[in-house]
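Student: So here's entry.cif, just mmCIF, C-alpha atoms:
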```cif
data_coords
loop_
_atom_site.label_atom_id
_atom_site.label_comp_id
_atom_site.auth_asym_id
_atom_site.auth_seq_id
_atom_site.Cartn_x
_atom_site.Cartn_y
_atom_site.Cartn_z
CA MET A 248 13.24 -40.12 -14.78
CA THR A 249 13.51 -36.36 -14.30
CA HIS A 250 11.40 -35.18 -11.41
CA VAL A 251 9.34 -32.04 -11.72
CA THR A 252 9.14 -30.62 -8.21
CA HIS A 253 11.19 -27.59 -9.21
CA LYS A 254 8.38 -26.58 -11.55
CA PHE A 255 5.58 -26.58 -9.02
CA GLU A 256 5.77 -22.89 -8.17
CA ALA A 257 5.65 -21.89 -11.82
CA TRP A 258 2.88 -24.40 -12.42
CA LEU A 259 0.74 -23.13 -9.56
CA GLY A 260 1.51 -19.54 -10.48
CA GLY A 261 0.24 -20.08 -14.00
CA GLU A 262 3.63 -19.63 -15.60
CA LEU A 263 3.89 -22.90 -17.49
CA ALA A 264 2.89 -23.17 -21.12
CA PRO A 265 0.18 -25.72 -21.92
CA THR A 266 2.73 -28.14 -23.34
CA GLU A 267 4.79 -27.89 -20.16
CA VAL A 268 1.71 -28.51 -18.04
CA GLU A 269 1.00 -31.59 -20.10
CA VAL A 270 4.49 -32.94 -19.54
CA LEU A 271 4.22 -32.20 -15.84
CA THR A 272 0.85 -33.89 -15.37
CA ASP A 273 2.02 -36.92 -17.34
CA HIS A 274 4.96 -37.18 -14.99
CA LEU A 275 2.77 -36.84 -11.92
CA ALA A 276 0.62 -39.70 -13.15
CA ALA A 277 3.67 -41.93 -13.31
CA CYS A 278 5.63 -40.75 -10.26
CA PRO A 279 4.06 -41.17 -6.80
CA ALA A 280 6.81 -39.16 -5.09
CA CYS A 281 6.24 -36.13 -7.31
CA ALA A 282 2.48 -36.61 -7.05
CA ASP A 283 2.72 -36.45 -3.25
CA ALA A 284 4.91 -33.37 -3.43
CA ALA A 285 2.47 -31.81 -5.88
CA ASP A 286 -0.41 -32.44 -3.48
CA GLN A 287 1.50 -30.70 -0.71
CA ALA A 288 2.42 -27.79 -2.93
CA ARG A 289 -1.18 -27.45 -4.05
CA ALA A 290 -2.39 -27.56 -0.43
CA LEU A 291 -0.01 -24.78 0.53
CA TRP A 292 -1.04 -22.74 -2.49
CA ASP A 293 -4.71 -23.15 -1.61
CA LEU A 294 -4.04 -22.33 2.02
CA LEU A 295 -2.31 -19.18 0.97
CA GLY A 296 -5.28 -18.28 -1.18
CA ALA A 297 -7.58 -18.80 1.79
CA ALA A 298 -5.49 -16.28 3.70
CA ALA A 299 -6.29 -13.55 1.20
CA GLN A 300 -7.32 -10.33 2.91
CA PRO A 301 -9.96 -8.67 0.80
CA VAL A 302 -10.44 -4.98 1.29
CA PRO A 303 -13.85 -4.46 2.91
CA ALA A 304 -16.43 -3.09 0.53
CA ASP A 305 -17.14 -0.25 2.95
CA ALA A 306 -13.52 0.85 3.22
CA PRO A 307 -13.50 4.59 2.57
CA SER A 308 -12.11 5.82 -0.71
CA VAL A 309 -8.89 7.79 -0.63
CA TRP A 310 -10.07 10.08 -3.39
CA ASP A 311 -11.08 13.05 -1.25
CA ALA A 312 -7.78 13.05 0.61
CA VAL A 313 -5.76 12.55 -2.57
CA ARG A 314 -7.65 15.35 -4.26
CA ARG A 315 -6.98 17.72 -1.40
CA GLU A 316 -3.27 16.97 -1.55
CA THR A 317 -2.93 17.32 -5.26
CA LEU A 318 -5.57 19.41 -6.94
CA GLN A 319 -6.61 21.99 -4.41
CA PRO A 320 -4.57 25.16 -4.53
CA GLU A 321 -4.70 25.44 -0.74
CA ALA A 322 -2.58 22.33 -0.42
CA ARG A 323 0.58 22.97 1.55
CA PRO A 324 2.70 19.82 1.96
CA GLY A 325 4.25 20.80 5.28
CA VAL A 326 0.94 21.49 6.91
CA PHE A 327 -0.69 18.37 5.54
CA GLY A 328 1.95 15.90 6.55
CA MET A 329 2.06 16.90 10.13
CA GLY A 330 -1.67 16.76 10.36
CA ARG A 331 -1.60 13.06 9.71
CA LEU A 332 1.14 12.50 12.25
CA LEU A 333 -0.40 14.53 14.97
CA GLY A 334 -4.03 13.95 14.29
CA GLY A 335 -6.49 16.60 13.28
CA SER A 336 -7.44 17.86 16.72
CA LEU A 337 -3.91 18.46 17.92
CA ALA A 338 -3.03 20.18 14.68
CA THR A 339 -6.12 22.32 15.02
CA ALA A 340 -5.18 23.36 18.54
CA ALA A 341 -1.58 24.04 17.60
CA VAL A 342 -2.42 26.15 14.58
CA ALA A 343 -5.07 28.00 16.52
CA ALA A 344 -2.49 28.72 19.21
CA GLY A 345 -0.11 29.94 16.54
CA LEU A 346 -2.78 32.21 15.16
CA ILE A 347 -3.60 33.63 18.55
CA LEU A 348 0.03 34.30 19.26
CA GLY A 349 0.54 35.72 15.84
CA VAL A 350 -2.52 37.93 15.87
CA ALA A 351 -2.99 38.88 19.50
CA LEU A 352 0.59 39.51 20.52
CA PRO A 353 2.32 42.55 19.16
CA TRP A 354 5.35 41.76 17.00
CA SER A 355 7.45 43.73 19.45
CA GLY A 356 6.11 41.77 22.40
CA PRO A 357 7.93 39.32 24.67
CA PHE A 358 7.87 36.52 22.07
CA SER A 359 9.36 38.64 19.38
CA ASN A 360 12.98 38.80 18.43
CA GLY A 361 12.32 41.84 16.36
CA SER A 362 11.57 40.00 13.15
CA GLY A 363 8.00 38.96 13.66
CA GLY A 364 6.81 35.37 14.22
CA SER A 365 10.17 33.69 13.84
CA ALA A 366 10.74 33.94 17.59
CA LEU A 367 8.09 31.30 17.98
CA ALA A 368 10.36 28.83 16.25
CA GLU A 369 12.68 28.85 19.22
CA THR A 370 9.90 27.73 21.51
CA VAL A 371 8.59 24.91 19.38
CA ASP A 372 9.81 21.34 19.22
CA PRO A 373 11.75 20.72 16.00
CA GLU A 374 9.26 18.05 15.04
CA THR A 375 6.55 20.69 14.92
CA TYR A 376 8.55 23.36 13.18
CA TRP A 377 6.05 23.47 10.36
CA LEU A 378 3.49 24.99 12.67
CA THR A 379 5.75 27.97 13.07
CA GLU A 380 6.26 28.08 9.36
CA THR A 381 2.53 28.10 8.90
CA SER A 382 1.96 30.91 11.33
CA TRP A 383 4.88 32.82 9.98
CA GLY A 384 3.70 32.22 6.42
CA ALA A 385 0.33 33.55 7.40
CA ALA A 386 1.89 36.74 8.65
CA GLU A 387 4.31 37.04 5.80
CA ASN A 388 1.95 36.25 3.02
CA GLY A 389 -1.08 37.95 4.38
CA TYR A 390 -3.29 34.90 4.26
CA GLY A 391 -6.70 35.52 5.72
CA MET A 392 -7.74 33.50 8.71
CA THR A 393 -10.34 31.64 6.66
CA SER A 394 -7.82 30.22 4.29
CA ILE A 395 -5.49 29.18 7.08
CA LEU A 396 -8.21 27.33 8.90
CA PHE A 397 -9.25 25.67 5.67
CA SER A 398 -5.75 24.44 5.06
CA GLU A 399 -5.42 23.19 8.58
CA GLU A 400 -8.68 21.32 8.31
CA ASP A 401 -7.24 19.46 5.37
CA SER A 402 -4.13 18.61 7.28
CA SER A 403 -5.59 15.50 8.83
CA GLU A 404 -5.45 13.82 5.46
CA GLY A 405 -2.04 14.70 4.22
CA THR A 406 1.47 13.34 4.15
CA ARG A 407 4.62 14.99 5.26
CA PRO A 408 7.17 15.26 2.51
CA MET B 122 -20.64 4.84 -27.80
CA ALA B 123 -18.15 6.63 -25.60
CA ARG B 124 -14.75 5.03 -25.45
CA ILE B 125 -13.39 4.29 -22.00
CA PRO B 126 -9.99 5.92 -21.82
CA ASP B 127 -7.09 3.62 -21.04
CA ASP B 128 -4.62 4.31 -18.27
CA ASP B 129 -2.03 5.92 -20.51
CA THR B 130 -4.59 8.32 -21.92
CA LEU B 131 -5.69 9.20 -18.42
CA MET B 132 -2.10 9.80 -17.35
CA VAL B 133 -1.57 12.24 -20.18
CA ALA B 134 -4.69 14.11 -19.07
CA ILE B 135 -3.59 13.99 -15.44
CA ALA B 136 -0.28 15.54 -16.40
CA ARG B 137 -2.37 18.47 -17.65
CA GLY B 138 -4.07 18.61 -14.26
CA GLU B 139 -7.44 17.23 -15.35
CA GLU B 140 -9.34 16.23 -12.25
CA THR B 141 -11.89 13.99 -13.97
CA ALA B 142 -9.13 11.85 -15.45
CA PHE B 143 -7.39 11.59 -12.10
CA ARG B 144 -10.53 10.60 -10.32
CA LEU B 145 -11.29 7.93 -12.89
CA LEU B 146 -7.81 6.51 -12.51
CA VAL B 147 -8.00 6.45 -8.71
CA GLU B 148 -11.40 4.77 -8.80
CA ARG B 149 -10.15 2.24 -11.30
CA TRP B 150 -7.09 1.17 -9.33
CA GLU B 151 -7.76 1.98 -5.71
CA THR B 152 -8.93 -1.47 -4.65
CA ASP B 153 -6.05 -3.24 -6.38
CA VAL B 154 -3.50 -0.98 -4.76
CA LYS B 155 -5.13 -1.24 -1.37
CA THR B 156 -5.37 -5.03 -1.56
CA PHE B 157 -1.71 -5.26 -2.46
CA LEU B 158 -0.76 -3.00 0.42
CA VAL B 159 -2.95 -4.86 2.90
CA HIS B 160 -1.06 -8.03 2.07
CA MET B 161 2.26 -6.25 2.31
CA THR B 162 1.63 -4.49 5.60
CA GLY B 163 -0.99 -6.70 7.24
CA SER B 164 -2.96 -3.61 8.16
CA LEU B 165 -5.93 -2.01 6.49
CA GLU B 166 -5.17 1.34 8.11
CA GLU B 167 -1.62 1.30 6.83
CA ALA B 168 -2.83 0.21 3.43
CA GLN B 169 -5.26 3.12 3.40
CA ASP B 170 -2.50 5.60 4.20
CA LEU B 171 -0.07 4.17 1.70
CA THR B 172 -2.71 3.98 -1.01
CA GLN B 173 -3.22 7.69 -0.54
CA ASP B 174 0.51 8.31 -0.74
CA THR B 175 0.73 6.18 -3.86
CA PHE B 176 -1.88 8.17 -5.76
CA VAL B 177 -0.46 11.48 -4.64
CA GLN B 178 2.83 10.30 -6.08
CA VAL B 179 1.10 9.19 -9.28
CA PHE B 180 -0.20 12.72 -9.69
CA ARG B 181 3.16 14.30 -8.99
CA LYS B 182 4.95 11.97 -11.38
CA ALA B 183 2.36 12.16 -14.12
CA GLY B 184 4.45 14.59 -16.12
CA SER B 185 7.36 12.18 -16.30
CA TYR B 186 5.30 9.05 -16.88
CA ARG B 187 6.03 7.32 -20.17
CA PRO B 188 2.79 6.03 -21.69
CA ASP B 189 4.10 2.63 -22.75
CA GLY B 190 1.15 0.51 -21.71
CA LYS B 191 2.74 -0.63 -18.47
CA PHE B 192 0.83 1.56 -16.10
CA LYS B 193 -0.09 -1.20 -13.66
CA SER B 194 3.55 -2.20 -13.18
CA TRP B 195 4.49 1.41 -12.67
CA LEU B 196 1.68 1.96 -10.18
CA LEU B 197 2.46 -1.15 -8.15
CA ARG B 198 6.14 -0.24 -8.15
CA ILE B 199 5.27 3.03 -6.45
CA ALA B 200 3.01 1.24 -3.99
CA GLY B 201 5.67 -1.41 -3.34
CA ASN B 202 8.26 1.26 -2.68
CA TYR B 203 6.01 2.85 -0.10
CA ALA B 204 5.30 -0.51 1.51
CA ARG B 205 8.97 -1.45 1.73
CA SER B 206 9.86 1.96 3.03
CA ARG B 207 7.23 1.75 5.72
CA LEU B 208 8.27 -1.74 6.74
CA ARG B 209 11.92 -0.76 6.86
CA ARG B 210 11.12 2.24 8.97
CA ARG B 211 9.27 0.15 11.45
CA ARG B 212 12.18 -2.29 11.45
CA ILE B 213 9.79 -5.10 12.01
CA VAL B 214 8.67 -6.88 8.92
CA GLY B 215 5.62 -8.36 10.62
CA TRP B 216 4.96 -5.42 12.84
CA VAL B 217 1.24 -5.76 12.82
CA SER B 218 -0.68 -8.94 13.28
CA PHE B 219 -2.60 -10.46 10.48
CA ASN B 220 -6.24 -9.64 10.92
CA PRO B 221 -8.50 -12.60 10.21
CA ASP B 222 -11.53 -10.34 10.53
CA TYR B 223 -10.85 -9.17 7.00
CA HIS B 224 -12.21 -12.46 5.81
CA ASP B 225 -15.71 -11.85 4.75
CA ARG B 226 -17.46 -15.10 5.23
CA ALA B 227 -20.82 -13.61 6.04
CA GLY B 228 -23.65 -15.66 4.71
CA SER B 229 -21.53 -18.72 4.13
CA GLN B 230 -23.03 -22.04 5.07
CA VAL B 231 -19.93 -23.57 6.59
CA ASP B 232 -19.94 -25.24 9.94
CA PRO B 233 -18.93 -22.77 12.69
CA VAL B 234 -16.22 -25.13 13.92
CA ASP B 235 -14.82 -25.47 10.44
CA GLU B 236 -15.07 -21.74 9.99
CA MET B 237 -13.15 -21.10 13.18
CA ALA B 238 -10.48 -23.58 12.13
CA ALA B 239 -10.27 -21.91 8.74
CA ARG B 240 -9.89 -18.50 10.34
CA GLN B 241 -7.16 -19.78 12.60
CA ASP B 242 -5.40 -21.33 9.64
CA ALA B 243 -5.71 -18.07 7.73
CA ALA B 244 -4.28 -16.14 10.66
CA THR B 245 -1.40 -18.61 10.95
CA VAL B 246 -0.66 -18.30 7.25
CA GLY B 247 -0.89 -14.52 7.48
CA ARG B 248 1.64 -14.45 10.27
CA ALA B 249 3.95 -16.76 8.35
CA LEU B 250 3.64 -14.48 5.34
CA GLU B 251 4.64 -11.52 7.47
CA LYS B 252 7.79 -13.29 8.56
CA LEU B 253 9.07 -13.65 5.02
CA PRO B 254 11.75 -11.28 3.77
CA VAL B 255 10.04 -8.28 2.22
CA ARG B 256 11.00 -8.96 -1.37
CA GLN B 257 9.95 -12.60 -1.15
CA ARG B 258 6.66 -11.52 0.29
CA GLU B 259 6.17 -8.88 -2.36
CA ALA B 260 6.81 -11.32 -5.20
CA LEU B 261 4.48 -13.89 -3.72
CA VAL B 262 1.73 -11.37 -2.99
CA LEU B 263 1.90 -10.00 -6.51
CA ASN B 264 1.66 -13.50 -7.92
CA ARG B 265 -0.83 -15.14 -5.58
CA PHE B 266 -3.08 -12.25 -4.63
CA GLN B 267 -2.70 -9.81 -7.50
CA GLY B 268 -2.53 -12.47 -10.18
CA LEU B 269 0.50 -10.94 -11.88
CA ARG B 270 2.67 -13.06 -14.15
CA TYR B 271 6.36 -13.38 -13.45
CA LYS B 272 7.19 -10.97 -16.26
CA GLU B 273 4.91 -8.33 -14.78
CA ILE B 274 6.30 -8.90 -11.31
CA ALA B 275 9.79 -8.51 -12.68
CA ALA B 276 8.75 -5.12 -14.09
CA VAL B 277 7.22 -4.05 -10.80
CA MET B 278 10.18 -5.16 -8.72
CA GLU B 279 12.79 -4.14 -11.24
CA THR B 280 14.38 -7.55 -11.43
CA THR B 281 14.50 -10.47 -13.86
CA VAL B 282 11.96 -13.20 -14.46
CA SER B 283 14.38 -15.77 -13.05
CA GLY B 284 14.86 -13.49 -10.06
CA VAL B 285 11.11 -13.51 -9.48
CA GLU B 286 11.01 -17.27 -9.85
CA SER B 287 13.73 -17.60 -7.24
CA LEU B 288 11.97 -15.21 -4.84
CA ILE B 289 8.71 -17.11 -5.10
CA GLN B 290 10.40 -20.49 -4.70
CA ARG B 291 12.15 -19.28 -1.57
CA ALA B 292 8.98 -17.69 -0.25
CA LEU B 293 6.96 -20.86 -0.64
CA SER B 294 9.77 -22.94 0.79
CA GLY B 295 9.91 -20.63 3.80
CA LEU B 296 6.17 -20.78 4.25
CA ARG B 297 6.20 -24.55 4.01
CA LYS B 298 8.84 -24.83 6.72
CA ASP B 299 7.09 -22.34 8.93
CA LEU B 300 3.66 -23.88 8.56
CA THR B 301 4.53 -27.54 8.83
CA GLY B 302 2.61 -28.90 11.75
CA LYS B 303 0.83 -25.62 12.42
CA VAL B 304 -2.08 -26.04 10.08
CA ASP B 305 -3.99 -29.10 9.01
CA ARG B 306 -3.48 -28.79 5.32
CA SER B 307 0.13 -27.82 4.86
#
```
Let me see the structure of the file written as structure tokens.
Tutor:
Amino acid sequence: MTHVTHKFEAWLGGELAPTEVEVLTDHLAACPACADAADQARALWDLLGAAAQPVPADAPSVWDAVRRETLQPEARPGVFGMGRLLGGSLATAAVAAGLILGVALPWSGPFSNGSGGSALAETVDPETYWLTETSWGAAENGYGMTSILFSEEDSSEGTRP
Amino acid sequence: MARIPDDDTLMVAIARGEETAFRLLVERWETDVKTFLVHMTGSLEEAQDLTQDTFVQVFRKAGSYRPDGKFKSWLLRIAGNYARSRLRRRRIVGWVSFNPDYHDRAGSQVDPVDEMAARQDAATVGRALEKLPVRQREALVLNRFQGLRYKEIAAVMETTVSGVESLIQRALSGLRKDLTGKVDRS
């Protein structure tokens, strides 16, 4: 008699053809050892099913965040990614600080190395280099403050590349 | 009657940057992706993050997507890559505890003692699942919780059907060993 225990996973996973299921169930009816093993396999399978973790119905959709990262022209990957890592409030404070430094201090001031905002890079932790890039980009590209703040606001939802 | 566009049609539209198509696709698949990622990571928050990453990647890869009717496999492959990457980075496969609170049994008529026992069993099983090697877990999750056939899982995991069969056999064997004596019904 050929036992069928090696087919239990495929059987439980719905992989067996109807004819194979028939052969298997016929065998189980005639073989107590396989029938016991089948009961145990079924119990484990059911237990696993009971451990399913359904996503709560009120879980927020990712659509808004995905849309901001993909379809909105303001999306800037570097800014977005760090926002998620740091959290929105810290990113807000950091970008605001960058803006203040960039706007209030003269380019020839004590933080300048003669080439504008790049001096700030030397004072910032490498992990937050993007903040400098953002501020520098703002100066270089002439972004208005409104658009910078808008981008930063989105940063809490993004991913860092 | 308006025809509901299939996934491949939506992907073609997404490659052209059509927002409506993208939104429809996200709404269609978000729960499936999130459920898969919850089972992979054991964390709803992580699943939420990785679901977002997955759809961003879908958008970015839309131009190179081949509309061959295997969108779901392609999508879950992206999600699985993110899950494995995250788990590797954390260097702890079961880095977050299984959360039995996800089990929505509100309104059920079961005895509270039985319900508590069931929740404990579910938590025990969840922890055992987290201890499995990542690929074994992924194959089992795709089969047991996502209802994918071996052939589909093989496409998602870029392996063979027999490879999937082996992964699932080893996963269940590992679970059986781990759970023996820990839960009533194993």
Student: Only residues of chain B matter here; which ones have an atom within 8 Å of chain A, counting all atoms listed in the file? Give them as JSON, numbers by chain.
Tutor: {"B": [138, 140, 144, 147, 148, 151, 152, 155, 156, 159, 160, 165, 169, 172, 173, 174, 176, 177, 180, 181, 221, 223, 224, 225, 242, 243, 244, 246, 247, 264, 265, 266, 270, 271, 286, 289, 290, 293, 297, 306, 307]}
Student: Find the distance between atom CA of B:Val133 and atom CA of B:Tyr186 and write it in Å to one decimal.
Tutor: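 Spanning atom CA of B:Val133 to atom CA of B:Tyr186 is a straight-line distance of 8.3 Å.
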Student: By how many Å are atom CA of B:Arg210 and atom CA of B:Asp170 apart?
Tutor: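 Atom-to-atom, atom CA of B:Arg210 and atom CA of B:Asp170 are spaced 14.8 Å apart.
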Student: Taking only C-alpha atoms into account, name the residue in B:Gly190, B:Pro126, B:Gly163, B:Gly284 that is nearest to B:Lys272.
Tutor: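 The shortest atom-to-atom distance to B:Lys272 comes from B:Gly284.
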Student: Which value, in Å to one decimal, gives the distance between atom CA of B:Val255 and atom CA of B:Asp153?
Tutor: 18.9 Å
Student: Report, as lines of an AutoDock Vina configuration file, the axis-aligned box around all atoms of stretch 275-293 of chain B present in the file, extended by 4 Å on each side; give centre and edge lengths in Å to one decimal place.
Tutor:
```
center_x = 10.9
center_y = -12.5
center_z = -7.4
size_x = 15.9
size_y = 24.8
size_z = 22.2
```
Student: Report as a PyMOL selection string the residues that result from applying the PyMOL selection byres ((chain B and resi 277) around 12) to the structure here.
Tutor: chain B and resi 191-202+256+259-260+263-264+267+269-276+278-282+285
